[in-house]
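Participant: Input file: start.txt. Contents: compact mmCIF, C-alpha atoms.
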# COMPACT_ATOMS: atom_id res chain seq x y z
CA MET N 940 70.78 21.31 41.52
CA MET N 941 68.07 23.62 40.31
CA GLU N 942 68.11 27.12 41.71
CA ARG N 943 65.23 27.96 44.00
CA SER N 944 64.16 30.94 41.91
CA LEU N 945 63.93 28.93 38.70
CA ALA N 946 60.59 27.46 39.62
CA TYR N 947 59.06 30.91 39.74
CA ASP N 948 59.83 32.04 36.20
CA ARG N 949 57.90 29.37 34.33
CA ALA N 950 54.64 31.30 34.34
CA ILE N 951 54.24 35.03 34.67
CA THR N 952 51.30 34.96 37.02
CA ILE N 953 53.42 33.46 39.80
CA PHE N 954 55.22 35.63 42.33
CA SER N 955 58.58 34.52 43.64
CA PRO N 956 58.80 34.33 47.46
CA GLU N 957 60.56 37.72 47.37
CA GLY N 958 57.53 39.20 45.59
CA ARG N 959 59.11 39.47 42.16
CA LEU N 960 57.74 38.61 38.73
CA TYR N 961 60.71 37.16 36.90
CA GLN N 962 59.14 37.15 33.43
CA VAL N 963 58.49 40.87 33.69
CA GLU N 964 62.08 41.45 34.73
CA TYR N 965 63.34 39.38 31.80
CA ALA N 966 61.17 41.50 29.49
CA LEU N 967 62.93 44.58 30.88
CA GLU N 968 66.17 42.93 29.85
CA ALA N 969 64.93 42.82 26.24
CA VAL N 970 64.35 46.57 26.52
CA ARG N 971 67.87 47.18 27.88
CA ARG N 972 69.31 45.44 24.82
CA GLY N 973 67.25 47.55 22.40
CA LYS N 974 68.70 50.46 20.42
CA THR N 975 68.97 53.72 22.36
CA ALA N 976 66.12 56.24 22.08
CA ILE N 977 66.25 59.76 23.52
CA GLY N 978 63.32 62.06 24.32
CA ILE N 979 63.55 65.72 25.35
CA LYS N 980 60.86 68.22 26.28
CA ALA N 981 61.71 71.76 25.13
CA ALA N 982 59.98 75.07 25.91
CA ASN N 983 58.04 74.95 22.63
CA GLY N 984 57.86 71.27 21.76
CA ALA N 985 59.36 67.83 22.12
CA VAL N 986 61.96 65.81 20.22
CA ILE N 987 62.74 62.11 20.06
CA GLY N 988 65.78 60.57 18.45
CA VAL N 989 66.89 57.01 17.91
CA HIS N 990 70.05 55.25 16.86
CA LYS N 991 69.76 53.23 13.64
CA GLU N 992 72.22 50.52 12.79
CA ALA N 993 72.40 48.12 9.87
CA THR N 994 73.02 44.52 10.91
CA SER N 995 74.21 43.85 7.35
CA PRO N 996 75.76 46.22 4.80
CA LEU N 997 73.05 45.12 2.35
CA MET N 998 70.31 46.50 4.57
CA ASP N 999 68.48 49.58 3.29
CA LEU N 1000 68.59 51.85 6.32
CA ASP N 1001 66.36 54.49 4.72
CA GLN N 1002 63.47 52.06 4.69
CA ILE N 1003 63.79 51.10 8.34
CA GLN N 1004 61.47 53.06 10.55
CA LYS N 1005 62.16 53.30 14.25
CA ILE N 1006 59.88 56.17 15.15
CA TYR N 1007 56.16 55.72 14.57
CA VAL N 1008 53.50 58.38 14.09
CA VAL N 1009 50.54 57.52 16.36
CA ASP N 1010 48.25 60.49 15.71
CA LYS N 1011 48.90 63.88 14.12
CA HIS N 1012 50.21 65.27 17.40
CA ILE N 1013 51.78 62.15 18.93
CA GLY N 1014 54.60 59.81 17.96
CA CYS N 1015 56.72 57.20 19.69
CA ALA N 1016 60.11 55.57 19.66
CA ILE N 1017 60.64 52.02 20.85
CA ALA N 1018 63.29 49.92 22.55
CA GLY N 1019 62.99 46.15 22.65
CA LEU N 1020 61.20 43.65 20.46
CA HIS N 1021 60.03 45.30 17.24
CA ALA N 1022 57.18 42.91 16.55
CA ASP N 1023 55.75 43.49 20.03
CA ALA N 1024 56.05 47.23 19.50
CA ARG N 1025 54.02 47.13 16.29
CA VAL N 1026 51.10 45.60 18.15
CA LEU N 1027 51.21 48.43 20.72
CA VAL N 1028 51.57 51.10 18.03
CA ASP N 1029 48.55 49.74 16.15
CA PHE N 1030 46.61 49.72 19.43
CA SER N 1031 47.65 53.33 20.18
CA ARG N 1032 46.59 54.49 16.74
CA VAL N 1033 43.14 52.94 17.14
CA GLN N 1034 42.73 54.42 20.64
CA SER N 1035 43.63 57.89 19.30
CA GLN N 1036 40.96 57.67 16.64
CA ILE N 1037 38.36 56.36 19.12
CA ASN N 1038 39.02 59.41 21.30
CA LEU N 1039 38.72 61.73 18.29
CA ILE N 1040 35.39 60.23 17.20
CA THR N 1041 33.91 60.09 20.72
CA TYR N 1042 34.93 63.54 21.99
CA GLY N 1043 35.82 65.42 18.81
CA GLU N 1044 39.21 66.22 20.29
CA PRO N 1045 42.70 64.78 19.84
CA ILE N 1046 43.68 62.41 22.67
CA ASP N 1047 45.84 63.67 25.54
CA VAL N 1048 49.32 62.18 25.58
CA GLU N 1049 48.93 60.91 29.14
CA VAL N 1050 45.52 59.37 28.43
CA LEU N 1051 47.02 57.44 25.52
CA THR N 1052 50.03 56.37 27.60
CA LYS N 1053 47.69 55.11 30.29
CA LYS N 1054 45.68 53.08 27.78
CA VAL N 1055 48.84 51.43 26.43
CA CYS N 1056 49.97 50.66 29.99
CA ASP N 1057 46.60 49.18 30.94
CA LEU N 1058 47.10 46.72 28.08
CA LYS N 1059 50.69 46.02 29.12
CA GLN N 1060 49.69 45.45 32.74
CA ASN N 1061 47.07 42.94 31.64
CA TYR N 1062 49.83 40.91 29.99
CA THR N 1063 51.62 40.54 33.33
CA GLN N 1064 48.61 39.13 35.15
CA VAL N 1065 46.68 36.89 32.76
CA GLY N 1066 47.74 33.28 32.24
CA GLY N 1067 49.04 31.74 29.02
CA ILE N 1068 50.64 34.89 27.63
CA ARG N 1069 53.92 36.73 28.06
CA PRO N 1070 54.59 40.42 28.74
CA PHE N 1071 55.44 42.84 25.93
CA GLY N 1072 59.22 42.97 25.60
CA VAL N 1073 59.22 46.61 24.71
CA SER N 1074 59.29 50.10 26.18
CA LEU N 1075 57.72 53.02 24.37
CA LEU N 1076 58.97 56.56 24.49
CA ILE N 1077 55.92 58.64 23.67
CA ALA N 1078 56.17 62.30 22.67
CA GLY N 1079 53.42 64.73 21.80
CA VAL N 1080 51.80 68.09 22.33
CA ASP N 1081 48.32 68.52 23.86
CA SER N 1082 46.42 71.22 25.74
CA GLN N 1083 48.88 70.80 28.65
CA GLY N 1084 51.85 71.54 26.37
CA PRO N 1085 54.69 69.29 25.24
CA GLN N 1086 54.84 65.83 26.88
CA ILE N 1087 57.33 62.98 27.13
CA PHE N 1088 56.33 59.63 28.64
CA THR N 1089 58.02 56.27 28.87
CA THR N 1090 56.33 52.94 29.51
CA ASP N 1091 57.88 49.65 30.58
CA PRO N 1092 56.86 45.98 30.26
CA SER N 1093 55.23 45.96 33.71
CA GLY N 1094 52.75 48.64 32.63
CA SER N 1095 54.29 51.44 34.69
CA TYR N 1096 54.75 54.82 33.09
CA TRP N 1097 56.65 58.02 33.88
CA SER N 1098 56.60 61.60 32.69
CA TRP N 1099 59.97 63.17 31.87
CA ARG N 1100 61.65 66.43 30.97
CA ALA N 1101 64.35 64.39 29.26
CA THR N 1102 65.03 60.68 29.26
CA ALA N 1103 66.41 57.70 27.41
CA ILE N 1104 65.39 54.07 26.96
CA GLY N 1105 67.28 51.08 25.57
CA TYR N 1106 71.00 50.38 25.36
CA ASN N 1107 73.14 52.49 27.71
CA SER N 1108 70.14 54.53 28.81
CA GLU N 1109 71.61 55.14 32.29
CA ALA N 1110 74.63 56.89 30.76
CA ALA N 1111 72.34 58.86 28.44
CA ARG N 1112 70.18 60.03 31.34
CA GLU N 1113 73.29 61.16 33.24
CA TYR N 1114 74.44 63.16 30.23
CA LEU N 1115 70.97 64.68 29.83
CA ALA N 1116 70.79 65.59 33.52
CA LYS N 1117 74.03 67.54 33.16
CA ASN N 1118 73.10 69.38 29.99
CA TYR N 1119 69.32 69.83 30.06
CA LYS N 1120 67.75 73.26 30.55
CA PRO N 1121 63.95 73.61 30.75
CA THR N 1122 64.10 76.91 28.85
CA MET N 1123 65.78 75.45 25.78
CA LYS N 1124 64.06 75.94 22.42
CA LEU N 1125 63.16 72.96 20.28
CA MET N 1126 65.24 74.08 17.30
CA PRO N 1127 68.16 73.86 17.42
CA ALA N 1128 68.98 73.51 21.16
CA ALA N 1129 66.86 70.48 22.12
CA VAL N 1130 67.48 68.69 18.82
CA LYS N 1131 71.20 69.27 19.23
CA LEU N 1132 71.17 67.93 22.80
CA CYS N 1133 69.27 64.89 21.53
CA ILE N 1134 71.92 64.17 18.87
CA ASP N 1135 74.80 64.89 21.26
CA THR N 1136 73.38 62.45 23.79
CA LEU N 1137 73.02 59.74 21.13
CA ARG N 1138 76.61 60.30 20.08
CA GLN N 1139 77.75 60.23 23.69
CA VAL N 1140 76.28 56.83 24.44
CA VAL N 1141 76.58 55.11 21.06
CA GLU N 1142 79.66 56.39 19.27
CA GLU N 1143 81.23 59.76 18.56
CA LYS N 1144 80.98 59.66 14.80
CA LEU N 1145 77.29 58.96 14.45
CA ASP N 1146 76.09 60.82 11.31
CA GLU N 1147 72.63 61.66 9.95
CA GLU N 1148 72.45 58.27 8.18
CA ALA N 1149 72.55 56.40 11.49
CA MET N 1150 69.84 58.26 13.33
CA GLU N 1151 66.19 59.16 13.05
CA ILE N 1152 64.92 62.37 14.66
CA SER N 1153 61.30 63.53 14.92
CA ILE N 1154 59.89 66.68 16.46
CA VAL N 1155 56.50 68.08 17.44
CA ASP N 1156 56.09 71.77 18.24
CA THR N 1157 53.42 73.64 20.19
CA ASP N 1158 52.41 75.83 17.22
CA LYS N 1159 51.62 73.31 14.50
CA ARG N 1160 51.19 70.32 16.83
CA GLU N 1161 52.30 68.02 14.01
CA PHE N 1162 54.63 65.14 14.66
CA THR N 1163 57.17 65.23 11.83
CA GLN N 1164 60.42 63.51 10.95
CA LEU N 1165 63.44 65.71 10.30
CA THR N 1166 65.05 65.30 6.87
CA LYS N 1167 68.72 64.44 6.57
CA GLU N 1168 69.41 68.04 5.52
CA GLU N 1169 67.67 69.38 8.62
CA ILE N 1170 69.68 67.05 10.86
CA ARG N 1171 72.90 68.07 9.09
CA SER N 1172 72.11 71.76 9.60
CA VAL N 1173 71.92 71.15 13.36
CA LEU N 1174 75.11 69.07 13.36
CA VAL N 1175 77.17 71.88 11.79
CA MET P 709 6.07 68.57 3.98
CA MET P 710 7.40 68.48 7.44
CA GLU P 711 10.92 67.08 7.96
CA GLN P 712 11.36 64.42 10.59
CA SER P 713 13.47 66.67 12.81
CA ASP P 714 10.73 69.35 12.74
CA LYS P 715 8.26 66.79 14.03
CA HIS P 716 10.61 66.01 16.90
CA ARG P 717 10.99 69.67 17.62
CA LEU P 718 7.25 70.17 17.92
CA MET P 719 6.81 66.93 19.80
CA SER P 720 8.69 68.44 22.72
CA HIS P 721 6.11 70.49 24.59
CA THR P 722 8.63 72.81 26.12
CA THR P 723 10.54 76.01 25.82
CA THR P 724 14.30 75.97 26.32
CA VAL P 725 16.63 78.84 25.53
CA ALA P 726 20.39 79.39 25.53
CA VAL P 727 22.18 82.70 25.11
CA ARG P 728 25.89 83.43 24.83
CA VAL P 729 27.00 86.50 26.79
CA ASN P 730 30.27 88.10 27.74
CA GLY P 731 32.07 85.62 29.99
CA GLY P 732 29.43 82.92 30.06
CA ILE P 733 26.35 81.10 28.87
CA ILE P 734 22.79 81.53 30.15
CA LEU P 735 20.35 78.64 29.88
CA GLY P 736 16.64 79.05 30.59
CA THR P 737 13.53 76.85 30.57
CA GLU P 738 9.98 76.88 31.86
CA SER P 739 8.95 73.99 34.11
CA GLN P 740 5.79 72.36 32.79
CA ALA P 741 5.66 68.63 32.01
CA THR P 742 2.60 67.38 30.16
CA MET P 743 0.94 64.04 29.42
CA GLY P 744 -1.45 64.82 26.62
CA TYR P 745 -3.80 67.49 27.96
CA LEU P 746 -2.79 66.83 31.57
CA VAL P 747 -0.17 68.98 33.24
CA ALA P 748 1.80 66.22 34.95
CA SER P 749 4.05 68.65 36.77
CA ASP P 750 4.60 72.39 36.82
CA THR P 751 7.89 72.13 38.70
CA ALA P 752 9.75 69.76 36.36
CA PRO P 753 13.51 70.40 36.30
CA LYS P 754 14.63 70.81 32.71
CA ILE P 755 18.17 72.07 33.26
CA LEU P 756 20.54 69.38 34.43
CA GLN P 757 24.15 69.84 35.36
CA ILE P 758 26.68 67.56 33.61
CA THR P 759 30.05 68.76 34.96
CA ASP P 760 31.12 71.69 37.15
CA HIS P 761 31.08 74.04 34.14
CA THR P 762 28.54 72.46 31.78
CA ALA P 763 24.77 71.98 31.91
CA MET P 764 22.11 70.71 29.53
CA THR P 765 18.52 71.67 28.87
CA ILE P 766 16.25 68.76 28.04
CA SER P 767 13.02 68.48 26.10
CA GLY P 768 11.07 65.68 24.48
CA SER P 769 10.62 62.43 26.36
CA VAL P 770 11.55 63.03 29.99
CA ALA P 771 12.54 59.38 30.48
CA ASP P 772 14.83 59.31 27.45
CA ALA P 773 16.45 62.63 28.35
CA GLN P 774 17.03 61.71 31.98
CA GLN P 775 18.61 58.35 31.15
CA LEU P 776 20.78 59.98 28.52
CA VAL P 777 21.93 62.64 30.98
CA ASN P 778 22.74 59.97 33.59
CA SER P 779 24.97 58.15 31.09
CA VAL P 780 26.68 61.30 29.87
CA ARG P 781 27.33 62.45 33.44
CA ALA P 782 28.91 59.10 34.34
CA ILE P 783 31.11 58.95 31.26
CA ALA P 784 32.16 62.60 31.65
CA GLN P 785 33.12 61.96 35.27
CA LEU P 786 35.17 58.85 34.40
CA GLU P 787 36.90 60.61 31.54
CA ALA P 788 37.67 63.64 33.76
CA LEU P 789 39.39 61.34 36.25
CA GLU P 790 41.35 59.74 33.42
CA LYS P 791 42.41 63.08 31.93
CA GLY P 792 42.92 64.88 35.22
CA ARG P 793 40.70 67.74 34.07
CA GLU P 794 37.12 68.43 33.02
CA LEU P 795 35.83 67.60 29.54
CA SER P 796 35.28 70.56 27.23
CA VAL P 797 31.77 71.61 26.21
CA LYS P 798 32.49 70.33 22.72
CA ALA P 799 33.64 66.95 24.03
CA ILE P 800 30.46 66.54 26.11
CA SER P 801 28.30 67.50 23.12
CA ARG P 802 30.15 65.14 20.81
CA LEU P 803 29.84 62.32 23.33
CA THR P 804 26.10 62.92 23.67
CA SER P 805 25.61 63.19 19.91
CA SER P 806 27.36 59.86 19.32
CA ILE P 807 25.10 58.16 21.89
CA LEU P 808 22.07 59.63 20.08
CA PHE P 809 23.41 58.55 16.68
CA ARG P 810 24.16 55.04 17.93
CA ASN P 811 20.47 54.71 18.86
CA ARG P 812 19.04 56.14 15.66
CA MET P 813 17.22 52.90 14.79
CA PHE P 814 15.22 53.30 18.01
CA PRO P 815 15.91 56.94 18.77
CA LEU P 816 15.95 58.67 22.13
CA ILE P 817 13.36 61.43 21.82
CA ALA P 818 15.39 64.31 23.19
CA MET P 819 16.13 67.80 21.93
CA LEU P 820 19.03 69.11 23.92
CA ILE P 821 21.00 72.28 24.35
CA VAL P 822 24.45 71.85 25.87
CA GLY P 823 25.89 75.04 27.32
CA GLY P 824 28.99 75.71 29.36
CA VAL P 825 32.35 77.33 29.74
CA ASP P 826 35.77 75.74 29.16
CA ASP P 827 39.35 76.89 28.51
CA GLU P 828 38.28 78.41 25.21
CA GLY P 829 35.30 80.35 26.60
CA GLY P 830 31.54 79.82 26.42
CA HIS P 831 29.94 77.41 23.96
CA ILE P 832 26.39 76.43 22.99
CA TYR P 833 25.62 73.23 21.08
CA MET P 834 22.19 72.12 19.91
CA LEU P 835 21.56 68.36 19.53
CA ASP P 836 18.62 66.62 17.89
CA PRO P 837 17.30 63.05 18.50
CA LEU P 838 19.24 61.57 15.59
CA GLY P 839 22.57 62.95 16.76
CA SER P 840 23.11 66.14 14.77
CA MET P 841 25.27 68.66 16.60
CA LEU P 842 25.33 72.34 15.73
CA GLU P 843 27.32 75.03 17.48
CA GLU P 844 25.43 78.30 17.99
CA GLU P 845 27.39 81.53 18.19
CA GLU P 846 24.68 83.76 19.70
CA PHE P 847 21.50 82.08 20.93
CA THR P 848 19.18 79.17 20.28
CA ALA P 849 15.83 77.81 21.46
CA THR P 850 14.03 74.46 21.23
CA GLY P 851 10.55 73.08 21.86
CA SER P 852 7.05 74.13 20.94
CA GLY P 853 7.56 77.53 22.61
CA SER P 854 10.77 78.25 20.69
CA VAL P 855 8.99 80.27 17.97
CA VAL P 856 7.71 82.69 20.61
CA ALA P 857 11.06 82.82 22.44
CA TYR P 858 12.92 83.45 19.16
CA GLY P 859 10.82 86.56 18.57
CA VAL P 860 12.12 88.12 21.77
CA LEU P 861 15.69 86.88 21.23
CA GLU P 862 15.92 88.14 17.64
CA ASP P 863 14.67 91.54 18.72
CA GLU P 864 16.68 92.10 21.88
CA TYR P 865 19.90 90.10 21.59
CA ARG P 866 23.12 92.11 21.36
CA LYS P 867 26.71 90.94 21.23
CA ASP P 868 28.73 91.51 24.42
CA MET P 869 25.79 91.49 26.80
CA SER P 870 26.71 91.14 30.47
CA ILE P 871 25.66 88.08 32.45
CA ASP P 872 22.90 90.06 34.18
CA GLU P 873 21.56 91.46 30.90
CA GLY P 874 21.65 87.96 29.42
CA LYS P 875 19.73 86.60 32.38
CA GLN P 876 17.03 89.27 31.93
CA LEU P 877 16.79 88.49 28.19
CA VAL P 878 16.42 84.75 28.83
CA MET P 879 13.74 85.46 31.47
CA ARG P 880 11.77 87.67 29.05
CA SER P 881 11.94 85.19 26.17
CA VAL P 882 10.96 82.16 28.26
CA ASN P 883 8.22 84.19 29.93
CA ALA P 884 6.77 85.17 26.53
CA ALA P 885 6.67 81.50 25.54
CA ARG P 886 5.19 80.59 28.91
CA LYS P 887 2.31 82.93 28.24
CA ARG P 888 1.67 82.29 24.53
CA ASP P 889 2.60 78.62 24.04
CA ILE P 890 -0.10 76.29 25.29
CA ALA P 891 2.39 73.56 26.21
CA SER P 892 4.74 75.79 28.22
CA GLY P 893 4.09 76.99 31.74
CA GLY P 894 5.01 76.76 35.40
CA SER P 895 7.96 78.77 36.67
CA ILE P 896 11.27 79.73 35.04
CA GLN P 897 14.59 77.99 35.64
CA ILE P 898 17.83 79.72 34.82
CA ALA P 899 21.39 78.37 34.74
CA VAL P 900 24.36 80.69 34.59
CA ALA P 901 27.61 79.05 33.44
CA ASP P 902 30.78 81.08 33.78
CA SER P 903 34.41 80.38 34.67
CA LYS P 904 33.39 79.78 38.30
CA GLY P 905 30.95 77.01 37.39
CA VAL P 906 27.24 76.45 36.83
CA GLU P 907 24.57 77.93 39.08
CA ILE P 908 20.99 76.76 38.58
CA SER P 909 18.15 78.76 40.08
CA ARG P 910 14.37 78.94 39.98
CA GLU P 911 13.21 82.48 39.27
CA SER P 912 10.00 84.02 40.48
CA ILE P 913 8.02 85.82 37.81
Take the structure I supplied and represent it as structure tokens, if you would.
Facilitator:
Amino acid sequence: MMERSLAYDRAITIFSPEGRLYQVEYALEAVRRGKTAIGIKAANGAVIGVHKEATSPLMDLDQIQKIYVVDKHIGCAIAGLHADARVLVDFSRVQSQINLITYGEPIDVEVLTKKVCDLKQNYTQVGGIRPFGVSLLIAGVDSQGPQIFTTDPSGSYWSWRATAIGYNSEAAREYLAKNYKPTMKLMPAAVKLCIDTLRQVVEEKLDEEAMEISIVDTDKREFTQLTKEEIRSVLV
Amino acid sequence: MMEQSDKHRLMSHTTTVAVRVNGGIILGTESQATMGYLVASDTAPKILQITDHTAMTISGSVADAQQLVNSVRAIAQLEALEKGRELSVKAISRLTSSILFRNRMFPLIAMLIVGGVDDEGGHIYMLDPLGSMLEEEEFTATGSGSVVAYGVLEDEYRKDMSIDEGKQLVMRSVNAARKRDIASGGSIQIAVADSKGVEISRESI
């Protein structure tokens, strides 16, 4: 016999009798299976780090990019379906430039997050399409200081001092809650906490080859990827 | 030969002035609106508030300027709600200049001065009908009376003037234009923009 709920997950625009949107919840499941990404707000900047893993030994890990630059001062990590994420990253990049041309100022991190979430929300309400199976972890620096936001497939977003998305994110958030201090400096304290958290939830021996770390500080306001040497110097 | 922008400048039968002082911006205009040789109004408002801390002087076609200001006000308000804080003076100027540029095939005849105070202090931007945007560090003037007003400003402007001194200077320069420029007249309107906001007043001469 068919389960009662099954009839309500054939199209996303249909609520179940309990008021749930099953397709959106399934999209969240795609996020939970994604690689772990960590974001931390420090006193003088923000850091995001992701776990990288080769599905085959022939894969060239150096060429795989898991953190995207959106604008000079903003970047994001993703958890979930990569192809879906690319669409959102392209959209974010265009929105950043529209803001720059219209107002002559770089876009605020929250304004950008909101625009991405407006798009995501639309994909939970319009017929004939499916939600984005991806969460973004957006980091940047604007006139309000360093910022970390996460978005989910429903179009909700949250601001964080430190957070994680993707595989084992609950454990990562617990570890962050225990070890986070709002006064910590970006280098090396916040970067170190970011790496430690990744190691805690993925595996102990994670080295600089299996992670990607990017930072943005309040002085230069430039979102940049750390080199392997820079990551190693923090690990020691 | 006269450049196109010069023609626009003289087309606006007005005097508007902006001066940067310590802690704020002073905007000033006279209040005469003309239709050919007819004085259509001698109490025309030519300083319009855009946000709490930014105002704009208008000159040229009153209709074009008013519609432009209505649009800019609406967009600035929406964007402020989105951002959770007010737009900067630069952002408002840039927004206005892109609207002007977008319409350059059928331009809005408006010479504008945007003045206000934001997190980075006081700013003055001058915009022309085709969308050029120039920041002025000290003072600026537009309209047919600007040549007269500039004479007073060039002579009496000092850096680090107080708000009161700036107000007096703007009054004197607009008053000179009011007397000597045939297209300027009526009373004087002054707007003071500082960190507390914009205050627009009509001054008796």
Participant: Just checking: using all atoms listed in the file, which residue out of N:Ala1129, N:Met1150, N:Val1009, N:Ile1068 ends up closest to Val1055 (chain N)?
Facilitator: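 Counting all atoms listed in the file, the residue closest to Val1055 (chain N) is N:Val1009.
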Participant: Sorted by chain and rising residue number, which residues of chain N lie within 6 Å of chain P, and what are their closest atom pairs and distances in Å to one decimal, counting only C-alpha atoms, as a Markdown table?
Facilitator:
| residue | atom | partner | partner_atom | distance |
| --- | --- | --- | --- | --- |
| N:Thr1041 | CA | P:Leu803 | CA | 5.3 |
| N:Tyr1042 | CA | P:Ala799 | CA | 4.2 |
| N:Gly1043 | CA | P:Ala799 | CA | 5.9 |
| N:Val1050 | CA | P:Lys791 | CA | 6.0 |
Participant: Env of Lys1117 (chain N): 12 Å cut, atoms = all atoms listed in the file, seq-sep filter 5 positions within chain, self excluded. Answer as an mmCIF file with C-alpha atoms, keeping the file's coordinate frame.
Facilitator:
data_model
loop_
_atom_site.group_PDB
_atom_site.id
_atom_site.type_symbol
_atom_site.label_atom_id
_atom_site.label_comp_id
_atom_site.auth_asym_id
_atom_site.auth_seq_id
_atom_site.Cartn_x
_atom_site.Cartn_y
_atom_site.Cartn_z
ATOM 1 C CA ALA N 1101 64.350 64.390 29.260
ATOM 2 C CA THR N 1102 65.030 60.680 29.260
ATOM 3 C CA ALA N 1110 74.630 56.890 30.760
ATOM 4 C CA ALA N 1111 72.340 58.860 28.440
ATOM 5 C CA ARG N 1112 70.180 60.030 31.340
ATOM 6 C CA LEU N 1132 71.170 67.930 22.800
ATOM 7 C CA THR N 1136 73.380 62.450 23.790
#
Participant: What does the distance between CA of Ser854 (chain P) and CA of Ser720 (chain P) come to in Å, to one decimal place?
Facilitator: 10.2 Å
Participant: Report, in Å to a single decimal, how far apart CA of Arg728 (chain P) and CA of Val906 (chain P) are.
Facilitator: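 These atoms are spaced 13.9 Å apart.
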Participant: N:Gln1004, N:Gln1139, N:Thr1157, N:Thr1163: which is nearest Leu1125 (chain N), counting only C-alpha atoms?
Facilitator: N:Thr1157
Participant: Rounded to one decimal, what separation in Å do you get between CA of Ala726 (chain P) and CA of Glu794 (chain P)?
Facilitator: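 Spanning CA of Ala726 (chain P) to CA of Glu794 (chain P) is a straight-line distance of 21.4 Å.
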Participant: Using all atoms listed in the file, determine which residues lie at most 8 Å from region 983-996 of chain N, disregarding the query and same-chain residues fewer than 5 positions distant; provide the list as a compact mmCIF listing (two decimals) with C-alpha atoms, keeping the file's coordinate frame.
Facilitator:
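Writing the result to out.txt gives the following:
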# COMPACT_ATOMS: atom_id res chain seq x y z
CA LYS N 974 68.70 50.46 20.42
CA THR N 975 68.97 53.72 22.36
CA ALA N 976 66.12 56.24 22.08
CA ILE N 977 66.25 59.76 23.52
CA GLY N 978 63.32 62.06 24.32
CA LYS N 1005 62.16 53.30 14.25
CA ILE N 1006 59.88 56.17 15.15
CA CYS N 1015 56.72 57.20 19.69
CA ALA N 1016 60.11 55.57 19.66
CA ALA N 1078 56.17 62.30 22.67
CA GLY N 1079 53.42 64.73 21.80
CA VAL N 1080 51.80 68.09 22.33
CA GLY N 1084 51.85 71.54 26.37
CA PRO N 1085 54.69 69.29 25.24
CA GLN N 1086 54.84 65.83 26.88
CA ILE N 1087 57.33 62.98 27.13
CA LYS N 1124 64.06 75.94 22.42
CA LEU N 1125 63.16 72.96 20.28
CA ALA N 1129 66.86 70.48 22.12
CA VAL N 1130 67.48 68.69 18.82
CA CYS N 1133 69.27 64.89 21.53
CA ILE N 1134 71.92 64.17 18.87
CA LEU N 1137 73.02 59.74 21.13
CA VAL N 1141 76.58 55.11 21.06
CA GLU N 1148 72.45 58.27 8.18
CA ALA N 1149 72.55 56.40 11.49
CA MET N 1150 69.84 58.26 13.33
CA GLU N 1151 66.19 59.16 13.05
CA ILE N 1152 64.92 62.37 14.66
CA SER N 1153 61.30 63.53 14.92
CA ILE N 1154 59.89 66.68 16.46
CA VAL N 1155 56.50 68.08 17.44
CA ASP N 1156 56.09 71.77 18.24
CA THR N 1157 53.42 73.64 20.19
CA ASP N 1158 52.41 75.83 17.22
Participant: Please list as a list in words every residue within 9 Å of Ser870 (chain P), counting all atoms listed in the file and excluding residues in the same chain fewer than 6 positions away.
Facilitator: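 Counting all atoms listed in the file, the residues come to Val729, Asn730, Gly731 and Gly732 of chain P.
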